[in-house]
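Shown next: data-v8.cif, containing mmCIF, C-alpha atoms.
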data_query
loop_
_atom_site.label_atom_id
_atom_site.label_comp_id
_atom_site.auth_asym_id
_atom_site.auth_seq_id
_atom_site.Cartn_x
_atom_site.Cartn_y
_atom_site.Cartn_z
CA MET A 174 143.11 145.85 -110.28
CA ALA A 175 141.53 148.64 -112.36
CA GLY A 176 140.80 148.54 -116.04
CA LYS A 177 139.14 145.15 -116.30
CA THR A 178 135.99 144.60 -118.34
CA LEU A 179 132.76 143.37 -116.76
CA GLY A 180 130.67 140.86 -118.69
CA LEU A 181 127.21 139.35 -118.23
CA ALA A 182 126.19 135.93 -119.58
CA LEU A 183 122.43 135.28 -119.78
CA GLY A 184 121.38 131.65 -120.11
CA SER A 185 118.56 129.81 -121.84
CA GLY A 186 115.33 128.70 -120.19
CA ALA A 187 112.23 129.84 -122.16
CA ALA A 188 109.67 131.35 -119.73
CA LYS A 189 112.08 130.86 -116.83
CA GLY A 190 114.31 133.34 -118.63
CA PHE A 191 112.11 136.25 -117.59
CA ALA A 192 114.22 136.06 -114.43
CA HIS A 193 116.91 137.84 -116.46
CA VAL A 194 114.72 140.96 -116.40
CA GLY A 195 114.78 140.92 -112.59
CA VAL A 196 118.56 140.51 -112.60
CA LEU A 197 118.96 143.47 -114.96
CA LYS A 198 116.62 145.52 -112.79
CA ALA A 199 118.79 144.85 -109.73
CA LEU A 200 122.00 145.65 -111.60
CA ASP A 201 120.45 148.85 -112.90
CA GLU A 202 119.42 149.94 -109.41
CA TYR A 203 122.99 149.51 -108.16
CA GLY A 204 124.57 151.20 -111.16
CA VAL A 205 126.31 148.08 -112.47
CA ARG A 206 126.80 148.42 -116.23
CA PRO A 207 128.38 145.42 -118.00
CA LYS A 208 130.43 146.29 -121.07
CA VAL A 209 130.05 142.83 -122.63
CA ILE A 210 126.80 140.86 -122.74
CA THR A 211 126.16 137.44 -124.24
CA GLY A 212 122.90 135.55 -124.42
CA SER A 213 121.68 132.09 -125.31
CA SER A 214 118.05 131.47 -126.34
CA MET A 215 115.79 133.46 -123.97
CA GLY A 216 118.93 135.12 -122.64
CA SER A 217 119.63 136.44 -126.13
CA LEU A 218 116.13 137.90 -126.36
CA ILE A 219 116.32 139.72 -123.03
CA GLY A 220 119.91 140.75 -123.72
CA ALA A 221 118.95 142.17 -127.11
CA PHE A 222 116.25 144.33 -125.59
CA TYR A 223 118.68 145.61 -122.97
CA VAL A 224 121.60 146.46 -125.27
CA THR A 225 119.30 148.30 -127.69
CA GLY A 226 118.18 150.65 -124.94
CA MET A 227 115.11 149.12 -123.33
CA GLN A 228 115.01 149.81 -119.60
CA PRO A 229 114.47 146.80 -117.27
CA ARG A 230 111.33 148.34 -115.76
CA PHE A 231 109.82 148.72 -119.22
CA MET A 232 110.77 145.10 -119.99
CA GLU A 233 108.93 144.08 -116.84
CA ARG A 234 105.75 145.88 -117.88
CA LEU A 235 106.03 144.48 -121.39
CA ALA A 236 106.56 140.89 -120.21
CA CYS A 237 103.61 141.05 -117.83
CA SER A 238 101.20 142.65 -120.30
CA LEU A 239 102.14 141.01 -123.60
CA SER A 240 99.90 138.21 -124.82
CA TRP A 241 102.48 135.79 -126.16
CA ARG A 242 99.96 133.73 -128.09
CA HIS A 243 99.69 136.66 -130.49
CA TRP A 244 103.36 136.27 -131.36
CA LEU A 245 103.53 132.49 -131.71
CA ASP A 246 102.42 131.50 -135.20
CA LEU A 247 101.50 127.83 -135.45
CA THR A 248 102.38 126.07 -138.67
CA VAL A 249 101.97 122.62 -140.21
CA PRO A 250 104.27 120.48 -138.00
CA LYS A 251 107.00 119.32 -140.35
CA ILE A 252 110.21 120.61 -138.77
CA GLY A 253 108.63 122.80 -136.09
CA LEU A 254 105.28 123.73 -134.55
CA ILE A 255 105.88 127.50 -134.70
CA SER A 256 107.14 129.26 -137.81
CA GLY A 257 108.76 132.07 -135.81
CA GLU A 258 107.92 134.88 -138.24
CA LYS A 259 105.73 136.81 -135.81
CA ILE A 260 108.23 136.81 -132.97
CA HIS A 261 110.99 137.67 -135.46
CA GLN A 262 109.00 140.75 -136.50
CA MET A 263 108.33 141.67 -132.88
CA VAL A 264 112.02 141.47 -131.96
CA ALA A 265 112.96 143.54 -135.02
CA LEU A 266 110.48 146.21 -133.97
CA LEU A 267 111.50 146.30 -130.31
CA THR A 268 115.22 146.35 -131.10
CA ARG A 269 114.65 149.10 -133.66
CA ARG A 270 116.16 146.90 -136.38
CA LEU A 271 119.61 147.74 -135.08
CA GLN A 272 122.81 146.02 -136.20
CA PHE A 273 125.44 144.71 -133.81
CA HIS A 274 127.96 147.37 -134.79
CA GLU A 275 125.53 150.12 -133.76
CA LEU A 276 125.43 149.04 -130.11
CA PRO A 277 127.13 150.94 -127.26
CA VAL A 278 128.40 147.67 -125.72
CA LYS A 279 129.71 144.40 -127.07
CA PHE A 280 126.90 141.89 -127.58
CA GLY A 281 127.04 138.28 -128.69
CA VAL A 282 124.27 135.78 -129.41
CA VAL A 283 124.94 132.05 -129.14
CA THR A 284 123.11 129.67 -131.43
CA THR A 285 123.61 126.07 -132.58
CA GLU A 286 124.32 125.21 -136.22
CA LEU A 287 122.94 121.76 -136.97
CA THR A 288 124.78 120.69 -140.11
CA GLN A 289 128.24 121.30 -138.62
CA ARG A 290 127.11 120.37 -135.10
CA ARG A 291 128.69 123.35 -133.39
CA ALA A 292 127.87 126.38 -131.29
CA VAL A 293 128.16 129.67 -133.16
CA LEU A 294 128.65 133.11 -131.60
CA LEU A 295 126.91 135.77 -133.70
CA THR A 296 128.32 139.29 -133.37
CA SER A 297 127.50 140.95 -136.68
CA GLY A 298 124.50 141.67 -138.85
CA ASN A 299 120.94 142.27 -137.73
CA ILE A 300 120.30 141.64 -134.03
CA ALA A 301 116.75 140.38 -134.56
CA ASP A 302 118.00 137.74 -137.03
CA ALA A 303 120.52 136.47 -134.47
CA VAL A 304 117.88 136.28 -131.73
CA ARG A 305 115.49 134.43 -134.04
CA ALA A 306 118.23 131.84 -134.60
CA SER A 307 119.07 131.50 -130.91
CA ILE A 308 115.48 131.03 -129.67
CA SER A 309 114.67 128.26 -132.15
CA ILE A 310 113.89 125.44 -129.70
CA PRO A 311 114.22 122.18 -131.68
CA GLY A 312 110.85 120.65 -132.44
CA VAL A 313 109.01 123.80 -131.32
CA PHE A 314 110.30 126.51 -133.66
CA VAL A 315 111.11 126.00 -137.30
CA PRO A 316 114.93 126.30 -137.55
CA TYR A 317 116.33 129.59 -138.82
CA VAL A 318 117.93 128.86 -142.18
CA THR A 319 120.44 131.13 -143.95
CA ASP A 320 123.28 130.71 -146.42
CA GLN A 321 125.51 130.14 -143.39
CA GLY A 322 123.59 127.16 -142.05
CA VAL A 323 120.61 125.75 -140.18
CA PHE A 324 120.34 127.34 -136.75
CA VAL A 325 118.51 126.19 -133.64
CA ASP A 326 118.42 127.09 -129.95
CA GLY A 327 121.72 128.23 -128.48
CA GLY A 328 120.91 126.33 -125.29
CA VAL A 329 121.44 123.00 -127.05
CA LEU A 330 125.22 123.38 -126.75
CA GLU A 331 125.76 126.51 -124.64
CA ARG A 332 123.13 126.98 -121.96
CA VAL A 333 125.03 129.77 -120.20
CA PRO A 334 127.49 131.53 -122.56
CA VAL A 335 130.33 132.27 -120.12
CA GLN A 336 133.18 131.43 -122.49
CA ALA A 337 131.51 133.38 -125.28
CA CYS A 338 131.46 136.38 -122.96
CA ARG A 339 135.17 136.03 -122.25
CA SER A 340 135.91 135.67 -125.96
CA LEU A 341 134.40 139.12 -126.51
CA GLY A 342 136.75 140.68 -123.99
CA ALA A 343 135.16 140.22 -120.58
CA ASP A 344 137.70 139.73 -117.80
CA ILE A 345 135.12 139.24 -115.06
CA VAL A 346 131.87 137.42 -115.87
CA ILE A 347 128.55 137.39 -114.04
CA ALA A 348 126.60 134.31 -115.16
CA VAL A 349 122.84 133.91 -114.83
CA ASP A 350 121.61 130.31 -114.95
CA VAL A 351 117.82 130.00 -114.75
CA ALA A 352 117.90 126.24 -115.30
CA ALA A 353 120.26 125.40 -112.45
CA ALA A 354 117.65 123.86 -110.13
CA GLN A 355 117.73 120.07 -110.08
CA ARG A 356 113.99 119.57 -109.72
CA ALA A 357 111.55 120.33 -112.54
CA THR A 358 107.83 120.80 -112.98
CA VAL A 359 105.62 118.12 -114.49
CA PRO A 360 105.68 118.90 -118.24
CA GLU A 361 102.44 120.32 -119.60
CA THR A 362 103.39 121.07 -123.21
CA ILE A 363 105.71 119.77 -125.90
CA MET A 364 107.96 122.75 -125.16
CA ASP A 365 108.26 121.62 -121.53
CA VAL A 366 109.20 118.09 -122.58
CA ILE A 367 111.83 119.27 -125.05
CA MET A 368 113.35 121.95 -122.82
CA GLN A 369 113.53 119.70 -119.77
CA SER A 370 115.15 116.99 -121.88
CA ILE A 371 117.75 119.45 -123.19
CA ASP A 372 118.45 120.69 -119.66
CA LEU A 373 118.89 117.11 -118.44
CA MET A 374 121.29 116.22 -121.24
CA GLN A 375 123.25 119.41 -120.67
CA HIS A 376 123.69 119.12 -116.93
CA GLN A 377 127.07 117.40 -116.98
CA LEU A 378 128.27 119.63 -119.81
CA VAL A 379 127.25 122.94 -118.27
CA GLU A 380 128.68 122.66 -114.76
CA PRO A 381 132.39 122.74 -115.67
CA ARG A 382 131.81 125.67 -118.03
CA ILE A 383 129.77 127.83 -115.69
CA GLN A 384 132.38 127.28 -112.98
CA GLY A 385 134.46 129.67 -115.07
CA ALA A 386 132.15 132.52 -114.05
CA ASP A 387 133.30 134.92 -111.34
CA VAL A 388 129.79 135.45 -109.94
CA ARG A 389 126.87 133.06 -110.40
CA ILE A 390 123.23 134.07 -110.12
CA GLU A 391 120.79 131.14 -109.95
CA PRO A 392 117.18 132.31 -109.56
CA ASP A 393 114.86 129.70 -108.08
CA VAL A 394 112.35 129.34 -110.90
CA SER A 395 112.14 125.57 -110.67
CA ASP A 396 108.37 125.65 -110.15
CA ILE A 397 107.79 127.72 -113.30
CA GLY A 398 107.27 125.66 -116.44
CA THR A 399 109.25 126.57 -119.55
CA SER A 400 106.01 127.35 -121.39
CA GLN A 401 104.35 129.31 -118.57
CA PHE A 402 104.88 132.76 -120.04
CA ASN A 403 101.90 133.97 -118.00
CA ARG A 404 104.09 133.71 -114.88
CA ALA A 405 106.55 136.35 -116.04
CA GLN A 406 106.18 138.47 -112.89
CA GLU A 407 107.08 135.54 -110.63
CA ALA A 408 110.19 134.82 -112.68
CA ILE A 409 111.21 138.50 -112.70
CA THR A 410 110.81 138.69 -108.92
CA ALA A 411 112.90 135.54 -108.47
CA GLY A 412 115.65 136.98 -110.67
CA TYR A 413 115.67 140.24 -108.73
CA LYS A 414 115.90 138.46 -105.37
CA ALA A 415 118.68 136.16 -106.58
CA ALA A 416 120.73 139.12 -107.83
CA ILE A 417 120.23 141.07 -104.60
CA ALA A 418 121.33 138.00 -102.61
CA VAL A 419 124.79 138.10 -104.25
CA MET A 420 124.97 141.87 -104.79
CA ASP A 421 127.99 142.23 -102.51
CA ASP A 422 129.89 139.86 -104.80
CA ILE A 423 128.62 141.68 -107.89
CA LEU A 424 129.71 145.07 -106.54
CA ALA A 425 133.11 143.70 -105.58
CA ALA A 426 133.51 142.40 -109.13
CA ALA A 427 132.30 145.67 -110.64
CA GLN A 428 134.79 147.67 -108.60
CA GLN A 429 137.60 145.92 -110.42
CA CYS A 430 136.26 146.98 -113.78
CA GLU A 431 136.06 150.03 -115.96
CA SER A 432 132.42 150.67 -115.03
CA GLU A 433 132.28 151.03 -111.27
CA PRO A 434 128.96 151.06 -109.42
CA VAL A 435 127.55 154.45 -108.49
#
Translate the structure of the given file into structure tokens.
Amino acid sequence: MAGKTLGLALGSGAAKGFAHVGVLKALDEYGVRPKVITGSSMGSLIGAFYVTGMQPRFMERLACSLSWRHWLDLTVPKIGLISGEKIHQMVALLTRRLQFHELPVKFGVVTTELTQRRAVLLTSGNIADAVRASISIPGVFVPYVTDQGVFVDGGVLERVPVQACRSLGADIVIAVDVAAAQRATVPETIMDVIMQSIDLMQHQLVEPRIQGADVRIEPDVSDIGTSQFNRAQEAITAGYKAAIAVMDDILAAAQQCESEPV
């Protein structure tokens, strides 16, 4: 059936989320262009770069060459170890300070608002602000506070934003879950402990929701720790391989949509 809209939901996972770059690289090679993209936590970061015009191959070079310690600003640990200002500035620069309404595709960022205990889908305003809210891992990043609330990591309540993608108009959704593997690495940092705990708590919640996806991509990044940003190339390669493994399904889905593969 022609005329459907293809969507892509990119899940949370910290350093594991570099696998999203590999997925985007594979989609790009096969001419698959989603018209709706949603992201949670690391998925929102990678998604933001993509929708603002950054090519997957450039993302790959950036991820493998960037020294992340230069963008993580430690602070006095009161409500977070990292203030988040440096990475906020970096995202603003790399997304060219664009607003949601300036994008060529629909884009949504999922975050968690603490005071009302609910997931929030951000689709307006400054993209970098939304990403800063969505990547705020509790206990690691200082929460992002605005007049609208206190925002932390989108992965707390919506690890893979499939339903958010559908709410923005996607009829067919490709979901990328980088935290699907049941085994985990031995935690080495506080980020590992927190992220693995969130993943464990979410397991029963996520499965019924992600079953709503039409195509699932689950890169095997189980041996990459959530704080091992130095292993970006391994995660990207895993994402690429996982996307290629289900490319027949992706192409079949894309053929039903407005943007057919070339």
- Task: Please write as a ChimeraX atom specification the full residue list that the PyMOL selection byres ((chain A and resi 202) around 12) yields on this file.
- Result: /A:195-201,203-206,228-230,413,416-417,420,424,434-435
- Query: Quick one, how far is atom CA of Leu181 of chain A from atom CA of Asp396 of chain A?
  - Reply: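 For atom CA of Leu181 of chain A relative to atom CA of Asp396 of chain A, the distance reads 24.7 Å.
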Listed atoms of segment 367-374 of chain A, axis-aligned box, 8 Å per side: centre and edge lengths to one decimal in Å, as JSON?
{"center_x": 116.6, "center_y": 119.1, "center_z": -121.7, "size_x": 25.5, "size_y": 21.7, "size_z": 22.6}
- Task: Counting only C-alpha atoms, figure out which residue out of A:Gln336, A:Ser297, A:Ser307, A:Gln262 gets nearest to Ile219 of chain A.
- Result: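 With only C-alpha atoms as the atom set, the closest residue is A:Ser307.
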- Of the candidates A:Arg389, A:His193, A:Lys251, A:Lys414, which shows the shortest atom-to-atom distance to Phe222 of chain A, using only C-alpha atoms?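 Smallest distance to Phe222 of chain A is found for A:His193.
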